[in-house]
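S.K.: What follows is a single structure, and I will ask about it in a moment.
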Amino acid sequence: MEETTRGNMTFKEKMHWFWYDVKMSKTYYLFLLPYALVFITFLVLPVIISIFFSFTYYNIFEPPKFIGLDNYTNLLLGDDIFLKAVTNTLLMALITGPIGYIMAFVFAWFIHGLPRLLRAFAVLIFYAPTLSGSVFLVWLLIFSGDQYGYANAILRSLGLNTGQPIYFLTNPDYMMPIILVVILWMSLGAGFLSFVAGLQTVDRSQYEAGYIDGVRNRWQELWFITLPNMKGMLLFGAVMSITQSFAVGDITTALCGFPSTDYAVHTIINHLVDYGTLRFDMGYASAIATLLFLIMVLCNRYIQKAIGRIGK
Amino acid sequence: MLILFGAFFAYPLVFAINNAFKPLNEIFLFPPRLFVQQPTMNNFRDLFTIMSRERITFSRYIFNTAFITAVGTFGHIIIASMGAYVLSKYTFPGSRLFFKAVIVTLMFSVHVTAIPNFLIMNQLGWVDTYAAVIIPAFAMPIGFFLLKQFMDTVPMTLIEAAKIDGAKEFLIFWSIVMPTVKPAWLTVMVFSVQNLWNARASNFIFSEELKTLPYALQQIQAGGVQRAGVGAAVTLFIMVVPLVVFISAQSNIIETMASSGIKE
């Protein structure tokens, strides 16, 4: 039954053993069945449906009409707003992804040095924005465009702005930076918790062994001992931060409205929601979803490779 | 520096808590102040008087969200643990592929699957029912992932010993594995509660009497200036539940996340 002996089998024999294995594993399949059922129905099937509809024109009321690559060519060549959305999304992802990721690690690293009780408190404080889903709405009050907005009030009381209050959330000059700050504020999620836990699992004796092998300072310690020991957590954190930094949509709608002024913070998700739930062009929306998914998977591949090089 | 950043992260929360207890004249005080001067319960009282006059009372929204959260979380933990257990302890045709698929779906956001999911719900006849929110929540990939990774740390000898004693697979799972991986499912509970308690679910639910708490909050906030106090009260109310669940499970979370690494 070992893999090596199976190497010499003919195809027919292999199939025979494959079915034998399947039959022997009946109990295991039964255990997995309930989860597999919901997983396939609500996560795998939607992707397949999405890819299928992306080649059609479909408005829910009439049956889908096959139109080949039209949705994709329209998206990439004819839709200026989509290109704007891609630019915005990439900008957000490139800034908040790496910064949020590094920030999560650095904070976890600092917190690691704290005494136990204080550590628990610090974890709670940093994780709190993620925990309480809609609290980011308080940023609405902070950056409100009238004098009751806290940011405007502070500028005024410091004498920095004596004229009209600034329309932070409707003036394209300010919208993007504010959105970036709010995304970063919410970026310490499951990845951060994973880092905090990961740092605690690194064996103390490894550090001692490291000093004998010539590790000289904290940076070398971090690069040669801590990080390689946490590769799995780093990968997990990366997957989480890709998801977060590419899937921005609710925040921009809540803070800057939909559509935002001059589409200044319009994201791929916003564009998807626009076509999917307002214009009922499901084919087009599916093409957007498929492209976003592709971008995320490619990005994940690349990061996996990068993390594989740590400590070498 | 940590304190400085900590303040930045905590500020909006402190702000939300304070606002909930501010009388209306303090919310609109100019220049605004962060800390409440004369704390009052008025906002909470107003909330219940306003909402009990509506056709759908506030308690109904609370019930909806609590029900969805409880059933969704419980169901997810049971079926995901069962699947994670066999995937972690045995190798069988398709098992590796399945787990790889789960890792890929960690990257999905709700929006990417929203449209096809609506079509699927429609086919199943689940639109405008609790099931439309609860059943897909059973599939939460991060929960399955964390359970499986944590179960990897449970020694196989524990299971083999029980087998020699003649225990059936389900009995082993229920009375040996589940108690051992308690930190893992407590953690998954936190993530699931956090997801479902904050779910607006406005894509799938249209009847007013089935709508959720975050949805009610959105409508109160749309009421503008005169509802600002009530809005602050609801914001705090929604925030408190995931916060309490997190605090009570925190040490388990750290223990679980220690096995959260993705192996290459």
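Residues in the structure tokens are numbered from 1 in each chain, the chains being A, B, ... in the order shown, and ligands are numbered from 1 in the order shown.
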Run DSSP on the backbone of this structure and report the residues of segment 6-253 of chain B it assigns to alpha helix (DSSP H), as a ChimeraX atom specification.
M.R.: /B:6-20,24-27,42-53,58-89,95-105,110-124,131-137,141-151,156-164,169-172,178-180,182-197,213-222,228-253
S.K.: For Met257 of chain B, please output as a PyMOL selection string all residues within 9 Å (counting only C-alpha atoms; exclusion window: fewer than 3 positions along the same chain).
M.R.: (chain A and resi 190-191+193-198+233) or (chain B and resi 146+150+184+187+252-254+260-261)
S.K.: Pull N, CA and C atoms from the residues just selected and write them as a PDB file, in the first residue's frame.
M.R.:
```pdb
ATOM      1  N   ALA A 190      -7.258  38.468  12.129  1.00  0.00           N
ATOM      2  CA  ALA A 190      -6.848  37.123  12.515  1.00  0.00           C
ATOM      3  C   ALA A 190      -5.336  36.924  12.358  1.00  0.00           C
ATOM      4  N   GLY A 191      -4.749  37.566  11.340  1.00  0.00           N
ATOM      5  CA  GLY A 191      -3.312  37.462  11.112  1.00  0.00           C
ATOM      6  C   GLY A 191      -2.521  37.961  12.308  1.00  0.00           C
ATOM      7  N   LEU A 193      -3.536  38.118  15.455  1.00  0.00           N
ATOM      8  CA  LEU A 193      -3.673  37.151  16.552  1.00  0.00           C
ATOM      9  C   LEU A 193      -2.739  35.968  16.336  1.00  0.00           C
ATOM     10  N   SER A 194      -2.635  35.555  15.059  1.00  0.00           N
ATOM     11  CA  SER A 194      -1.765  34.448  14.710  1.00  0.00           C
ATOM     12  C   SER A 194      -0.304  34.777  15.031  1.00  0.00           C
ATOM     13  N   PHE A 195       0.106  36.013  14.744  1.00  0.00           N
ATOM     14  CA  PHE A 195       1.481  36.439  15.035  1.00  0.00           C
ATOM     15  C   PHE A 195       1.738  36.448  16.544  1.00  0.00           C
ATOM     16  N   VAL A 196       0.789  37.022  17.297  1.00  0.00           N
ATOM     17  CA  VAL A 196       0.950  37.079  18.758  1.00  0.00           C
ATOM     18  C   VAL A 196       1.168  35.666  19.296  1.00  0.00           C
ATOM     19  N   ALA A 197       0.354  34.732  18.810  1.00  0.00           N
ATOM     20  CA  ALA A 197       0.458  33.349  19.273  1.00  0.00           C
ATOM     21  C   ALA A 197       1.758  32.711  18.797  1.00  0.00           C
ATOM     22  N   GLY A 198       2.112  32.985  17.543  1.00  0.00           N
ATOM     23  CA  GLY A 198       3.306  32.392  16.953  1.00  0.00           C
ATOM     24  C   GLY A 198       4.572  32.754  17.720  1.00  0.00           C
ATOM     25  N   MET A 233       2.650  30.867  10.171  1.00  0.00           N
ATOM     26  CA  MET A 233       1.820  31.994  10.612  1.00  0.00           C
ATOM     27  C   MET A 233       1.954  33.172   9.660  1.00  0.00           C
TER      28      MET A 233
ATOM     29  N   LEU B 146      -8.851  26.566  11.115  1.00  0.00           N
ATOM     30  CA  LEU B 146      -8.269  26.614  12.459  1.00  0.00           C
ATOM     31  C   LEU B 146      -8.524  25.317  13.233  1.00  0.00           C
ATOM     32  N   PHE B 150      -5.507  22.865  14.550  1.00  0.00           N
ATOM     33  CA  PHE B 150      -5.381  22.571  15.966  1.00  0.00           C
ATOM     34  C   PHE B 150      -5.459  21.064  16.226  1.00  0.00           C
ATOM     35  N   ALA B 184      -9.783  25.427  20.429  1.00  0.00           N
ATOM     36  CA  ALA B 184     -10.002  25.714  19.009  1.00  0.00           C
ATOM     37  C   ALA B 184     -11.442  26.112  18.743  1.00  0.00           C
ATOM     38  N   THR B 187     -12.280  29.512  19.983  1.00  0.00           N
ATOM     39  CA  THR B 187     -11.746  30.544  19.090  1.00  0.00           C
ATOM     40  C   THR B 187     -12.636  30.722  17.871  1.00  0.00           C
ATOM     41  N   ASN B 252      -7.776  31.167  25.146  1.00  0.00           N
ATOM     42  CA  ASN B 252      -7.951  30.059  24.206  1.00  0.00           C
ATOM     43  C   ASN B 252      -7.575  30.460  22.786  1.00  0.00           C
ATOM     44  N   ILE B 253      -7.878  31.723  22.456  1.00  0.00           N
ATOM     45  CA  ILE B 253      -7.594  32.194  21.105  1.00  0.00           C
ATOM     46  C   ILE B 253      -6.102  32.145  20.838  1.00  0.00           C
ATOM     47  N   ILE B 254      -5.325  32.642  21.783  1.00  0.00           N
ATOM     48  CA  ILE B 254      -3.876  32.654  21.583  1.00  0.00           C
ATOM     49  C   ILE B 254      -3.360  31.215  21.459  1.00  0.00           C
ATOM     50  N   SER B 260      -2.002  28.025  13.855  1.00  0.00           N
ATOM     51  CA  SER B 260      -2.702  28.514  12.667  1.00  0.00           C
ATOM     52  C   SER B 260      -1.835  28.546  11.406  1.00  0.00           C
ATOM     53  N   GLY B 261      -0.551  28.195  11.537  1.00  0.00           N
ATOM     54  CA  GLY B 261       0.331  28.317  10.383  1.00  0.00           C
ATOM     55  C   GLY B 261      -0.088  27.478   9.182  1.00  0.00           C
TER      56      GLY B 261
END
```
S.K.: Taking only C-alpha atoms into account, report as a VMD selection string which residues of chain B lie within 7 Å of chain A.
M.R.: chain B and resid 6 9 to 10 12 16 28 30 to 32 79 to 80 82 to 83 86 92 to 93 107 to 109 111 to 113 115 to 117 136 138 to 139 194 198 235 239 242 to 243 254 to 255 257 to 258 260 to 263
S.K.: Just the number, please: distance in Å from atom CA of Ile77 of chain B to atom CA of Lys100 of chain B, one decimal.
M.R.: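 According to the coordinates, atom CA of Ile77 of chain B and atom CA of Lys100 of chain B are separated by 19.8 Å.
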S.K.: Could you work out how far atom CA of Ser245 of chain A lies from atom CA of Ala93 of chain A, giving the answer in Å with one decimal?
M.R.: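 That distance, rounded to one decimal, is 4.6 Å.
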